[in-house]
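Engineer: Below is the structure I would like to discuss, written out as structure tokens.
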Amino acid sequence: MGSLTRRAFGFAAAGALATSAVPRRLRAETPKLKVGVLLPRSGLQAFIGQSCQRGADVAPELLRQKLGVEVELMNADTESNVDTARSRAERLIEQGAHVLVGAFDSGHTAAVAQVAEQRGVPHIVNIAAAPQITEQGYKFVFRNFPPAPEIGRNGLVLLGDIFREAKVQPSTAVFMHVNDTFGQSMAKGVAALLPTLSLPFKLLDTIPYDPAAKDLTVEVSKAKATKAELLLLVCRLNDAVVLRREMVKQRWSPMGIVSPGSPGLYEEQFSKGLGKYAENCITNTVWFNPKNQLTHDFAAAFKKKFPKDEFAFHGINASYTFDAILIAADAFKRAHSTDHKALAEAIRHTDIPATDRVSFGGPIRFNAKGQVEGNRSVVLQNLGGKPTVVLPKDYAEGKLVFPMPKVG
Amino acid sequence: MPAAATILNVVVSGILTGIVYGLMALGLSAIFGVVRLVNFAHGELMTLAMYGAVVAFQKLALDPFLSMAGAAVLFGALGYALQRGFINRFVHRPEHAQMLLMLALAIIVGNVLLLAFGPDARNVQTSYQLDSFELGPLLLDKVRVYAAAAALVTTALLGAFFRLTLTGKAIRACADNPLGARVAGLPVAHLYAVTFGIGAATVAVAGCATVQLIEVTPGLGPAYTLLAFVIVIVGGLGSMVGALLGGLIIGLSEALAGLLISPSVKSMVSFGLLAVILLFWPRGLLGGRR
């Protein structure tokens with residue numbers, strides 16, 4: 001330290017202050033919303049995380065055109081890991097994110113929400129269904145995605161619509177689900193709702209399984225042994241592929257494979273990896289609203305940015321991620337500020353009409369818990385290698401195939 | 001209680017899976033038995049072999065079972081080079097230094113795979129991948145049957161090599177008494193490298209055998225290293241027959257636990273078994289015998 005004089009130190013300090021002051025002044029001249037986007041872009045959920053990321057990547061340009069708002073994305077990879085999600089959220093806040101968006105997985109999202117609440121930074125959940133995320137009394141956490149019981153209820157109600165439309169109904173079903181945070185929430189929802197919905201089938205067994213399982217021989221053997229006519233499935237992507245393959249190997253062909261609202265069956269990798277065996281699998285799920293002008297604009301922008309990608313395969317992931325950033329941008333426009341509290345307050349008073357969103361549902365308004373109610377689901381069936389809306393009829397793009405033909 | 005046919009199917013599937021598990025753990029056991037080095041990069045080497053099989057299938061339309069021989073030769077050479085040029089210098093160093101070296105290798109391999117192939121799962125799709133043999137009430141997954149057959153042939157070949165060839169006998173001498181082997185003039189460093197090469201070749205065969213059963217991702221390695229450890233510790237570290245037996249026990253117990261208790265307890269049962277065996281047979285079921 002002997003070589004550092006008091007004068008030299010003074011110059012250095014002044015220089016450092018001047019350097020740090022410049023970006024602050026520039027920021028003030030060009031107001032920009034910094035959105036920290038947390039997604040599992042690598043690891044077990046990489047495929048879906050990258051699908052969500054595409055929706056985020058389209059957002060800045062489209063929102064500039066639609067709202068006249070400058071959005072800068074700060075992307076962070078949660079690596080499909082809860083601890084990484086937490087530390088990345090901390091880092092994004094340190095780096096100056098005004099709002100956090102993410103993080104697809106319920107477990108990761110819960111961790112990010114905790115950090116956001118502690119640091120007083122608004123967090124808009126793009127996709128995550130565990131109910132507890134908006135049941136903690138958090139003031140800075142908002143979700144436009146329906147919680148698992150609502151997805152489950154919508155999905156199960158649509159099951160009845162499928163049977164009515166097909167004029168065929170199974171008398172028995174087996175329920176298989178991943179045993180992670182999301183899967184368990186869905187399982188609780190299904191268990192609670194099923195007896196209240198007067199559906200025609202009897203549930204013979206519930207089989208939880210590890211979403212990271214490399215081998216589902218035993219699980220499928222168990223399910224097949226029930227001789228159920230319908231497989232109700234709450235899955236992720238990789239396990240859905242493993243499970244469907246195992247069903248083919250064990251020559252188990254139930255009347256239908258229906259997810260009451262989980263990812264997996266409608267994903268591109270599921271269709272590409274399984275070919276004809278992916279056909280006719282059904283997911284009753286949240287989706288985008290094909291009738292909205294914003295959806296058309298979003299799909300066109302998506303196609304322009306990712307010409308090799310089929311928009312339908314990114315339907316939920318991209319739409320809900322885009323809508324989360326839309327909510328942030330809309331709040332920023334009204335708040336005229338990047339202050340965390342002002343933004344949170346503006347988000348709380350969001351009122352985006354049903355026609356001005358991409359995802360399928362009513363107006364985006366947050367209740368006291370920070371949750372949007374009234375998101376709707378569709379019956380999505382893999383037809384011709386593509387997820388296709390088959391119900392409700394007003395929105396149908398294809399005709400329902402049920403029972404699914406046996407493939408061998 | 002499930003029907004007899006279901007139990008039979010699950011038991012046979014568990015046995016087939018166990019045999020493949022055994023093959024996977026064989027390389028780890030052979031390397032430890034001779035070089036006395038625990039290969040923490042075992043799972044990553046297997047993942048590398050799986051990616052090799054995927055590339056061979058995509059670029060050359062080579063069936064993974066046919067690419068086994070080539071993969072074994074390549075990995076044998078890689079293993080030899082690794083041991084000769086790199087790991088041999090750590091053989092006489094403290095165990096923690098060896099462990100760190102192998103962990104570093106594991107991380108490097110995993111990240112190189114991530115850079116080269118990205119995070120998405122890859123697979124191989126052959127015409128028979130989803131076929132099964134039907135024997136009365138028994139449905140045997142074709143790929144699993146082929147993989148188990150490959151595992152048994154590889155184990156037999158390995159056994160024959162160690163028992164019938166001069167190099168094999170010299171390696172066993174090294175394993176029994178490294179100092180004596182050195183005094184007798186055996187090229188110990190070369191024999192260690194041959195052993196590591198054999199271990200790597202075995203892992204390559206296991207990778208090719210399992211690539212049709214599992215979606216390959218760069219992060220697959222640690223889970224397989226852990227599984228191989230459990231199997232080898234149950235069977236007895238250093239025992240090749242023990243590795244096969246350990247694989248069978250783990251495969252079968254996981255299958256039965258999944259069927260009779262709950263699929264969620266499969267891993268719990270294998271680690272429970274590990275704890276029990278460590279309590280009553282600290283050297284594993286066949287530990288100490290080679």
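The way I read the labels, and the way they are meant: chains A, B, ... in the order of the structure tokens, residue 1 as the first residue of every chain, and ligand 1 as the first ligand shown, with later ones counted on from there.
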Using only C-alpha atoms, find each residue in chain A having at least one atom no more than 9 Å away from chain B; report its shortest atom-to-atom pair and that distance in Å (one decimal), rows by chain then rising number, as CSV.
Structural biologist:
residue,atom,partner,partner_atom,distance
A:Arg41,CA,B:Pro119,CA,7.8
A:Ser42,CA,B:Pro119,CA,5.2
A:Gly43,CA,B:Pro119,CA,6.0
A:Leu44,CA,B:Pro119,CA,8.1
A:Gln45,CA,B:Asp120,CA,8.7
A:Ala46,CA,B:Pro119,CA,6.2
A:Phe47,CA,B:Asp120,CA,6.0
A:Asn179,CA,B:Ser264,CA,8.0
A:Ile207,CA,B:Pro263,CA,7.5
A:Pro208,CA,B:Ser264,CA,6.7
A:Tyr209,CA,B:Ser264,CA,5.6
A:Asp210,CA,B:Ser264,CA,6.4
A:Lys214,CA,B:Ile214,CA,5.8
A:Asp215,CA,B:Ile214,CA,7.4
A:Leu216,CA,B:Pro263,CA,8.7
A:Thr217,CA,B:Val10,CA,7.5
A:Val218,CA,B:Leu259,CA,5.9
A:Glu219,CA,B:Pro263,CA,6.2
A:Ser221,CA,B:Thr6,CA,6.5
A:Lys222,CA,B:Leu259,CA,6.4
A:Lys224,CA,B:Thr6,CA,8.7
A:Ala225,CA,B:Thr6,CA,6.6
A:Thr226,CA,B:Pro2,CA,8.8
A:Asn238,CA,B:Glu215,CA,7.6
A:Val241,CA,B:Glu215,CA,8.8
A:Val242,CA,B:Ile214,CA,7.8
A:Arg245,CA,B:Leu130,CA,6.5
A:Glu246,CA,B:Leu130,CA,7.7
A:Val248,CA,B:Leu130,CA,6.3
A:Lys249,CA,B:Leu130,CA,5.1
A:Gln250,CA,B:Leu139,CA,6.6
A:Arg251,CA,B:Ser132,CA,8.6
A:Gln269,CA,B:Ala121,CA,8.8
A:Gly273,CA,B:Asn123,CA,7.8
A:Leu274,CA,B:Gln125,CA,8.9
A:Gly408,CA,B:Asp131,CA,8.8
Engineer: Would you save the residues of that selection, restricted to N, CA and C atoms, as an mmCIF file, in the first residue's frame?
Structural biologist:
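Now in again_26.cif:
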data_model
loop_
_atom_site.group_PDB
_atom_site.id
_atom_site.type_symbol
_atom_site.label_atom_id
_atom_site.label_comp_id
_atom_site.auth_asym_id
_atom_site.auth_seq_id
_atom_site.Cartn_x
_atom_site.Cartn_y
_atom_site.Cartn_z
ATOM 1 N N ARG A 41 -32.947 -23.780 -18.989
ATOM 2 C CA ARG A 41 -32.511 -23.951 -20.385
ATOM 3 C C ARG A 41 -31.517 -25.087 -20.568
ATOM 4 N N SER A 42 -31.085 -25.687 -19.477
ATOM 5 C CA SER A 42 -30.269 -26.895 -19.587
ATOM 6 C C SER A 42 -30.743 -27.857 -18.505
ATOM 7 N N GLY A 43 -30.240 -29.081 -18.557
ATOM 8 C CA GLY A 43 -30.661 -30.085 -17.585
ATOM 9 C C GLY A 43 -31.919 -30.791 -18.025
ATOM 10 N N LEU A 44 -32.556 -31.417 -17.057
ATOM 11 C CA LEU A 44 -33.691 -32.304 -17.328
ATOM 12 C C LEU A 44 -34.830 -31.618 -18.092
ATOM 13 N N GLN A 45 -35.067 -30.333 -17.789
ATOM 14 C CA GLN A 45 -36.203 -29.648 -18.405
ATOM 15 C C GLN A 45 -35.774 -28.678 -19.501
ATOM 16 N N ALA A 46 -34.581 -28.911 -20.034
ATOM 17 C CA ALA A 46 -33.997 -27.960 -20.987
ATOM 18 C C ALA A 46 -34.899 -27.696 -22.182
ATOM 19 N N PHE A 47 -35.484 -28.739 -22.691
ATOM 20 C CA PHE A 47 -36.262 -28.589 -23.920
ATOM 21 C C PHE A 47 -37.421 -27.610 -23.702
ATOM 22 N N ASN A 179 -43.841 -37.622 -9.402
ATOM 23 C CA ASN A 179 -43.982 -37.275 -7.983
ATOM 24 C C ASN A 179 -43.138 -36.059 -7.594
ATOM 25 N N ILE A 207 -50.554 -44.313 -9.529
ATOM 26 C CA ILE A 207 -49.150 -44.747 -9.521
ATOM 27 C C ILE A 207 -48.227 -43.538 -9.688
ATOM 28 N N PRO A 208 -47.570 -43.111 -8.593
ATOM 29 C CA PRO A 208 -46.600 -42.017 -8.732
ATOM 30 C C PRO A 208 -45.269 -42.562 -9.243
ATOM 31 N N TYR A 209 -44.517 -41.761 -9.955
ATOM 32 C CA TYR A 209 -43.195 -42.211 -10.399
ATOM 33 C C TYR A 209 -42.223 -41.042 -10.465
ATOM 34 N N ASP A 210 -40.940 -41.394 -10.468
ATOM 35 C CA ASP A 210 -39.865 -40.401 -10.474
ATOM 36 C C ASP A 210 -39.757 -39.764 -11.864
ATOM 37 N N LYS A 214 -35.179 -43.498 -15.544
ATOM 38 C CA LYS A 214 -34.676 -43.896 -16.858
ATOM 39 C C LYS A 214 -35.428 -45.132 -17.344
ATOM 40 N N ASP A 215 -36.114 -45.787 -16.438
ATOM 41 C CA ASP A 215 -36.781 -47.038 -16.774
ATOM 42 C C ASP A 215 -38.129 -47.079 -16.047
ATOM 43 N N LEU A 216 -39.207 -47.233 -16.808
ATOM 44 C CA LEU A 216 -40.536 -47.247 -16.179
ATOM 45 C C LEU A 216 -41.232 -48.587 -16.402
ATOM 46 N N THR A 217 -40.440 -49.652 -16.542
ATOM 47 C CA THR A 217 -40.997 -50.975 -16.789
ATOM 48 C C THR A 217 -41.990 -51.374 -15.698
ATOM 49 N N VAL A 218 -41.561 -51.227 -14.460
ATOM 50 C CA VAL A 218 -42.394 -51.685 -13.343
ATOM 51 C C VAL A 218 -43.673 -50.855 -13.258
ATOM 52 N N GLU A 219 -43.527 -49.548 -13.413
ATOM 53 C CA GLU A 219 -44.675 -48.652 -13.300
ATOM 54 C C GLU A 219 -45.725 -49.002 -14.362
ATOM 55 N N SER A 221 -45.974 -51.892 -15.981
ATOM 56 C CA SER A 221 -46.500 -53.238 -15.685
ATOM 57 C C SER A 221 -47.636 -53.138 -14.680
ATOM 58 N N LYS A 222 -47.414 -52.320 -13.665
ATOM 59 C CA LYS A 222 -48.411 -52.148 -12.608
ATOM 60 C C LYS A 222 -49.702 -51.548 -13.165
ATOM 61 N N LYS A 224 -50.669 -51.535 -16.321
ATOM 62 C CA LYS A 224 -51.286 -52.470 -17.278
ATOM 63 C C LYS A 224 -52.072 -53.555 -16.532
ATOM 64 N N ALA A 225 -51.499 -53.994 -15.397
ATOM 65 C CA ALA A 225 -52.143 -55.069 -14.629
ATOM 66 C C ALA A 225 -53.525 -54.662 -14.120
ATOM 67 N N THR A 226 -53.799 -53.383 -14.028
ATOM 68 C CA THR A 226 -55.126 -52.960 -13.557
ATOM 69 C C THR A 226 -56.204 -53.195 -14.628
ATOM 70 N N ASN A 238 -39.446 -35.998 -20.771
ATOM 71 C CA ASN A 238 -38.607 -37.191 -20.939
ATOM 72 C C ASN A 238 -39.300 -38.442 -20.431
ATOM 73 N N VAL A 241 -41.921 -39.788 -22.819
ATOM 74 C CA VAL A 241 -41.359 -40.577 -23.924
ATOM 75 C C VAL A 241 -41.048 -41.995 -23.435
ATOM 76 N N VAL A 242 -40.373 -42.083 -22.291
ATOM 77 C CA VAL A 242 -40.002 -43.399 -21.737
ATOM 78 C C VAL A 242 -41.260 -44.224 -21.467
ATOM 79 N N ARG A 245 -43.023 -45.423 -24.700
ATOM 80 C CA ARG A 245 -42.255 -46.522 -25.298
ATOM 81 C C ARG A 245 -42.517 -47.825 -24.554
ATOM 82 N N GLU A 246 -42.518 -47.725 -23.237
ATOM 83 C CA GLU A 246 -42.711 -48.922 -22.428
ATOM 84 C C GLU A 246 -44.112 -49.500 -22.646
ATOM 85 N N VAL A 248 -45.752 -49.410 -25.417
ATOM 86 C CA VAL A 248 -45.723 -50.122 -26.698
ATOM 87 C C VAL A 248 -45.043 -51.476 -26.519
ATOM 88 N N LYS A 249 -43.921 -51.477 -25.794
ATOM 89 C CA LYS A 249 -43.186 -52.727 -25.577
ATOM 90 C C LYS A 249 -44.050 -53.742 -24.837
ATOM 91 N N GLN A 250 -44.824 -53.244 -23.885
ATOM 92 C CA GLN A 250 -45.664 -54.161 -23.095
ATOM 93 C C GLN A 250 -47.037 -54.379 -23.747
ATOM 94 N N ARG A 251 -47.188 -53.829 -24.933
ATOM 95 C CA ARG A 251 -48.418 -53.988 -25.734
ATOM 96 C C ARG A 251 -49.670 -53.629 -24.934
ATOM 97 N N GLN A 269 -40.613 -32.875 -29.068
ATOM 98 C CA GLN A 269 -39.714 -34.016 -28.897
ATOM 99 C C GLN A 269 -40.503 -35.304 -28.689
ATOM 100 N N GLY A 273 -39.791 -38.003 -31.359
ATOM 101 C CA GLY A 273 -39.144 -39.190 -30.810
ATOM 102 C C GLY A 273 -39.981 -40.449 -30.937
ATOM 103 N N LEU A 274 -41.287 -40.293 -30.987
ATOM 104 C CA LEU A 274 -42.154 -41.476 -30.967
ATOM 105 C C LEU A 274 -42.917 -41.695 -32.268
ATOM 106 N N GLY A 408 -49.269 -50.965 -33.507
ATOM 107 C CA GLY A 408 -48.333 -52.025 -33.159
ATOM 108 C C GLY A 408 -47.353 -52.251 -34.274
#
Engineer: Considering only strand (DSSP E or B) as DSSP defines it on the backbone, what residues of range 61-140 of chain B qualify? List them as JSON, numbers by chain.
Structural biologist: {"B": [122, 132, 133, 134, 135, 138, 139, 140]}
Engineer: Rounded to one decimal, what separation in Å do you get between CA of Phe104 in chain A and CA of Ala128 in chain A?
Structural biologist: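 Answer for the CA of Phe104 in chain A to CA of Ala128 in chain A separation: 5.2 Å.
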Engineer: Where does DSSP see helix (DSSP H, G or I) in range 106-189 of chain B, if you list the residues as an MDAnalysis selection string?
Structural biologist: chainID B and resid 106:117 142:164 166:176 178:183 188:189
Engineer: Any chance you can output those residues with N, CA and C atoms as a short mmCIF file (atom, residue, chain, number, x, y, z; two decimals), in the first residue's frame?
Structural biologist:
data_model
loop_
_atom_site.label_atom_id
_atom_site.label_comp_id
_atom_site.auth_asym_id
_atom_site.auth_seq_id
_atom_site.Cartn_x
_atom_site.Cartn_y
_atom_site.Cartn_z
N ALA B 106 -14.35 -36.23 -14.93
CA ALA B 106 -15.81 -36.38 -15.09
C ALA B 106 -16.44 -35.05 -15.50
N ILE B 107 -16.04 -33.98 -14.83
CA ILE B 107 -16.63 -32.67 -15.12
C ILE B 107 -16.25 -32.22 -16.54
N ILE B 108 -15.00 -32.48 -16.90
CA ILE B 108 -14.56 -32.09 -18.25
C ILE B 108 -15.37 -32.84 -19.31
N VAL B 109 -15.49 -34.15 -19.15
CA VAL B 109 -16.24 -34.95 -20.14
C VAL B 109 -17.69 -34.47 -20.22
N GLY B 110 -18.31 -34.28 -19.05
CA GLY B 110 -19.72 -33.84 -19.02
C GLY B 110 -19.91 -32.52 -19.74
N ASN B 111 -19.01 -31.58 -19.49
CA ASN B 111 -19.16 -30.26 -20.10
C ASN B 111 -18.81 -30.24 -21.59
N VAL B 112 -17.84 -31.07 -21.97
CA VAL B 112 -17.53 -31.18 -23.41
C VAL B 112 -18.77 -31.72 -24.14
N LEU B 113 -19.43 -32.70 -23.53
CA LEU B 113 -20.64 -33.26 -24.15
C LEU B 113 -21.74 -32.20 -24.25
N LEU B 114 -21.85 -31.40 -23.20
CA LEU B 114 -22.86 -30.34 -23.19
C LEU B 114 -22.58 -29.33 -24.30
N LEU B 115 -21.30 -28.98 -24.47
CA LEU B 115 -20.92 -28.03 -25.52
C LEU B 115 -21.17 -28.62 -26.91
N ALA B 116 -20.82 -29.89 -27.04
CA ALA B 116 -20.89 -30.51 -28.36
C ALA B 116 -22.32 -30.85 -28.77
N PHE B 117 -23.12 -31.32 -27.84
CA PHE B 117 -24.45 -31.84 -28.21
C PHE B 117 -25.62 -31.02 -27.66
N LYS B 142 -37.13 -56.75 -26.54
CA LYS B 142 -36.07 -57.23 -27.43
C LYS B 142 -34.73 -56.56 -27.13
N VAL B 143 -34.75 -55.25 -26.97
CA VAL B 143 -33.49 -54.53 -26.75
C VAL B 143 -32.85 -54.98 -25.45
N ARG B 144 -33.69 -55.17 -24.43
CA ARG B 144 -33.16 -55.57 -23.13
C ARG B 144 -32.55 -56.98 -23.22
N VAL B 145 -33.20 -57.86 -23.99
CA VAL B 145 -32.67 -59.22 -24.16
C VAL B 145 -31.31 -59.16 -24.86
N TYR B 146 -31.23 -58.37 -25.94
CA TYR B 146 -29.96 -58.25 -26.67
C TYR B 146 -28.89 -57.65 -25.77
N ALA B 147 -29.29 -56.64 -25.00
CA ALA B 147 -28.32 -55.96 -24.13
C ALA B 147 -27.79 -56.93 -23.07
N ALA B 148 -28.70 -57.74 -22.51
CA ALA B 148 -28.28 -58.71 -21.48
C ALA B 148 -27.37 -59.76 -22.11
N ALA B 149 -27.70 -60.18 -23.35
CA ALA B 149 -26.85 -61.17 -24.03
C ALA B 149 -25.45 -60.58 -24.25
N ALA B 150 -25.42 -59.33 -24.69
CA ALA B 150 -24.12 -58.67 -24.91
C ALA B 150 -23.34 -58.58 -23.60
N ALA B 151 -24.06 -58.32 -22.51
CA ALA B 151 -23.41 -58.21 -21.20
C ALA B 151 -22.79 -59.55 -20.81
N LEU B 152 -23.55 -60.63 -21.02
CA LEU B 152 -23.05 -61.95 -20.64
C LEU B 152 -21.84 -62.35 -21.49
N VAL B 153 -21.92 -62.08 -22.79
CA VAL B 153 -20.80 -62.43 -23.69
C VAL B 153 -19.56 -61.63 -23.28
N THR B 154 -19.74 -60.34 -23.01
CA THR B 154 -18.60 -59.48 -22.62
C THR B 154 -17.97 -59.98 -21.33
N THR B 155 -18.83 -60.34 -20.36
CA THR B 155 -18.31 -60.83 -19.08
C THR B 155 -17.53 -62.12 -19.29
N ALA B 156 -18.08 -63.02 -20.13
CA ALA B 156 -17.40 -64.29 -20.38
C ALA B 156 -16.05 -64.05 -21.06
N LEU B 157 -16.05 -63.14 -22.04
CA LEU B 157 -14.79 -62.83 -22.74
C LEU B 157 -13.76 -62.26 -21.78
N LEU B 158 -14.23 -61.40 -20.91
CA LEU B 158 -13.34 -60.76 -19.94
C LEU B 158 -12.77 -61.81 -18.97
N GLY B 159 -13.67 -62.69 -18.51
CA GLY B 159 -13.25 -63.77 -17.61
C GLY B 159 -12.19 -64.63 -18.30
N ALA B 160 -12.45 -64.98 -19.57
CA ALA B 160 -11.51 -65.83 -20.32
C ALA B 160 -10.17 -65.11 -20.47
N PHE B 161 -10.24 -63.80 -20.76
CA PHE B 161 -9.01 -63.03 -20.94
C PHE B 161 -8.15 -63.07 -19.67
N PHE B 162 -8.81 -62.85 -18.52
CA PHE B 162 -8.04 -62.79 -17.28
C PHE B 162 -7.52 -64.16 -16.85
N ARG B 163 -8.25 -65.23 -17.24
CA ARG B 163 -7.85 -66.56 -16.79
C ARG B 163 -6.91 -67.26 -17.78
N LEU B 164 -7.13 -67.02 -19.09
CA LEU B 164 -6.45 -67.86 -20.08
C LEU B 164 -5.27 -67.20 -20.79
N LEU B 166 -1.78 -64.74 -21.19
CA LEU B 166 -0.61 -64.38 -20.38
C LEU B 166 -0.77 -62.97 -19.81
N THR B 167 -1.28 -62.05 -20.68
CA THR B 167 -1.47 -60.67 -20.20
C THR B 167 -2.46 -60.65 -19.05
N GLY B 168 -3.54 -61.44 -19.22
CA GLY B 168 -4.56 -61.49 -18.18
C GLY B 168 -3.99 -62.00 -16.87
N LYS B 169 -3.17 -63.04 -16.98
CA LYS B 169 -2.56 -63.61 -15.76
C LYS B 169 -1.60 -62.60 -15.13
N ALA B 170 -0.87 -61.88 -15.98
CA ALA B 170 0.06 -60.86 -15.47
C ALA B 170 -0.70 -59.75 -14.75
N ILE B 171 -1.87 -59.38 -15.32
CA ILE B 171 -2.69 -58.34 -14.67
C ILE B 171 -3.16 -58.83 -13.30
N ARG B 172 -3.56 -60.09 -13.25
CA ARG B 172 -4.02 -60.64 -11.96
C ARG B 172 -2.88 -60.66 -10.95
N ALA B 173 -1.68 -60.95 -11.45
CA ALA B 173 -0.51 -60.94 -10.57
C ALA B 173 -0.29 -59.54 -10.01
N CYS B 174 -0.43 -58.55 -10.89
CA CYS B 174 -0.30 -57.14 -10.46
C CYS B 174 -1.33 -56.82 -9.39
N ALA B 175 -2.55 -57.31 -9.60
CA ALA B 175 -3.63 -57.02 -8.66
C ALA B 175 -3.34 -57.66 -7.31
N ASP B 176 -2.82 -58.90 -7.33
CA ASP B 176 -2.56 -59.62 -6.07
C ASP B 176 -1.37 -59.02 -5.32
N PRO B 178 1.38 -56.02 -6.30
CA PRO B 178 2.04 -55.10 -7.24
C PRO B 178 3.57 -55.08 -7.08
N LEU B 179 4.01 -55.15 -5.81
CA LEU B 179 5.46 -55.11 -5.58
C LEU B 179 6.11 -56.37 -6.14
N GLY B 180 5.50 -57.52 -5.85
CA GLY B 180 6.02 -58.79 -6.36
C GLY B 180 6.05 -58.79 -7.88
N ALA B 181 5.00 -58.23 -8.48
CA ALA B 181 4.93 -58.18 -9.94
C ALA B 181 6.09 -57.35 -10.49
N ARG B 182 6.38 -56.25 -9.79
CA ARG B 182 7.46 -55.38 -10.23
C ARG B 182 8.81 -56.10 -10.09
N VAL B 183 8.99 -56.80 -8.95
CA VAL B 183 10.24 -57.53 -8.69
C VAL B 183 10.43 -58.62 -9.75
N VAL B 188 4.49 -53.08 -14.95
CA VAL B 188 3.28 -52.75 -14.18
C VAL B 188 2.51 -51.57 -14.79
N ALA B 189 3.26 -50.53 -15.17
CA ALA B 189 2.58 -49.34 -15.72
C ALA B 189 1.78 -49.71 -16.98
#
Engineer: Can you measure CA of Val35 in chain A to CA of Leu73 in chain A for me? One decimal in Å is fine.
Structural biologist: 5.0 Å
Engineer: Show which residues sit within 6 Å of range 353-356 of chain A, as a list in words. Count only C-alpha atoms, and ignore same-chain residues fewer than 5 positions away.
Structural biologist: Asn292, Gly362 and Pro363 of chain A
Engineer: Looking at only C-alpha atoms, which of A:Met176, A:Ile327, A:Leu237, A:Met186 is the one that sits closest to Arg348 in chain A?
Structural biologist: A:Ile327
Engineer: Could you check the closest approach to Leu226 in chain B for each of B:Phe90, B:Trp281, B:Phe75, B:Tyr21 and tell me which residue wins, using only C-alpha atoms?
Structural biologist: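 Once distances to Leu226 in chain B are computed over only C-alpha atoms, the minimum belongs to B:Tyr21.
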Engineer: Please provide as a ChimeraX atom specification all residues within 9 Å of range 194-196 of chain B, with the sequence filter that same-chain residues fewer than 4 positions apart are discarded (counting only C-alpha atoms).
Structural biologist: /B:27,30-31,34-35,76-77,79-80,82-84,167,171,189-190,200-201
Engineer: Go ahead and save the picked residues with N, CA and C atoms, as an mmCIF file, in the first residue's frame.
Structural biologist:
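Okay, this is what ended up in again.cif:
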data_model
loop_
_atom_site.group_PDB
_atom_site.id
_atom_site.type_symbol
_atom_site.label_atom_id
_atom_site.label_comp_id
_atom_site.auth_asym_id
_atom_site.auth_seq_id
_atom_site.Cartn_x
_atom_site.Cartn_y
_atom_site.Cartn_z
ATOM 1 N N GLY B 27 -16.538 -52.584 -15.452
ATOM 2 C CA GLY B 27 -15.334 -51.798 -15.727
ATOM 3 C C GLY B 27 -14.814 -51.130 -14.467
ATOM 4 N N ALA B 30 -13.192 -53.788 -12.308
ATOM 5 C CA ALA B 30 -11.908 -54.269 -12.841
ATOM 6 C C ALA B 30 -10.803 -53.248 -12.571
ATOM 7 N N ILE B 31 -11.108 -51.973 -12.814
ATOM 8 C CA ILE B 31 -10.091 -50.926 -12.626
ATOM 9 C C ILE B 31 -9.686 -50.837 -11.150
ATOM 10 N N VAL B 34 -7.497 -53.868 -9.884
ATOM 11 C CA VAL B 34 -6.095 -53.943 -10.309
ATOM 12 C C VAL B 34 -5.337 -52.649 -9.970
ATOM 13 N N VAL B 35 -5.868 -51.524 -10.435
ATOM 14 C CA VAL B 35 -5.136 -50.257 -10.291
ATOM 15 C C VAL B 35 -5.342 -49.650 -8.905
ATOM 16 N N GLY B 76 -10.965 -48.610 -25.554
ATOM 17 C CA GLY B 76 -9.808 -49.326 -25.013
ATOM 18 C C GLY B 76 -8.554 -48.489 -25.208
ATOM 19 N N ALA B 77 -8.404 -47.955 -26.422
ATOM 20 C CA ALA B 77 -7.227 -47.126 -26.732
ATOM 21 C C ALA B 77 -7.242 -45.846 -25.901
ATOM 22 N N GLY B 79 -8.743 -45.363 -23.014
ATOM 23 C CA GLY B 79 -8.471 -45.724 -21.618
ATOM 24 C C GLY B 79 -6.989 -45.967 -21.394
ATOM 25 N N TYR B 80 -6.359 -46.679 -22.355
ATOM 26 C CA TYR B 80 -4.931 -46.970 -22.250
ATOM 27 C C TYR B 80 -4.144 -45.655 -22.215
ATOM 28 N N LEU B 82 -5.174 -42.643 -21.509
ATOM 29 C CA LEU B 82 -5.483 -41.859 -20.301
ATOM 30 C C LEU B 82 -4.642 -42.333 -19.122
ATOM 31 N N GLN B 83 -4.626 -43.659 -18.950
ATOM 32 C CA GLN B 83 -3.907 -44.223 -17.805
ATOM 33 C C GLN B 83 -2.400 -44.015 -17.962
ATOM 34 N N ARG B 84 -1.899 -44.280 -19.172
ATOM 35 C CA ARG B 84 -0.456 -44.220 -19.418
ATOM 36 C C ARG B 84 0.067 -42.781 -19.303
ATOM 37 N N THR B 167 -1.276 -62.051 -20.678
ATOM 38 C CA THR B 167 -1.466 -60.670 -20.196
ATOM 39 C C THR B 167 -2.463 -60.652 -19.048
ATOM 40 N N ILE B 171 -1.867 -59.379 -15.319
ATOM 41 C CA ILE B 171 -2.691 -58.337 -14.666
ATOM 42 C C ILE B 171 -3.165 -58.835 -13.301
ATOM 43 N N ALA B 189 3.257 -50.526 -15.169
ATOM 44 C CA ALA B 189 2.579 -49.337 -15.720
ATOM 45 C C ALA B 189 1.785 -49.710 -16.977
ATOM 46 N N HIS B 190 2.395 -50.521 -17.821
ATOM 47 C CA HIS B 190 1.713 -50.968 -19.046
ATOM 48 C C HIS B 190 0.479 -51.808 -18.689
ATOM 49 N N ALA B 200 -12.471 -49.251 -19.684
ATOM 50 C CA ALA B 200 -13.129 -48.267 -20.566
ATOM 51 C C ALA B 200 -13.860 -48.970 -21.709
ATOM 52 N N ALA B 201 -13.257 -50.037 -22.237
ATOM 53 C CA ALA B 201 -13.899 -50.786 -23.325
ATOM 54 C C ALA B 201 -15.212 -51.407 -22.831
#
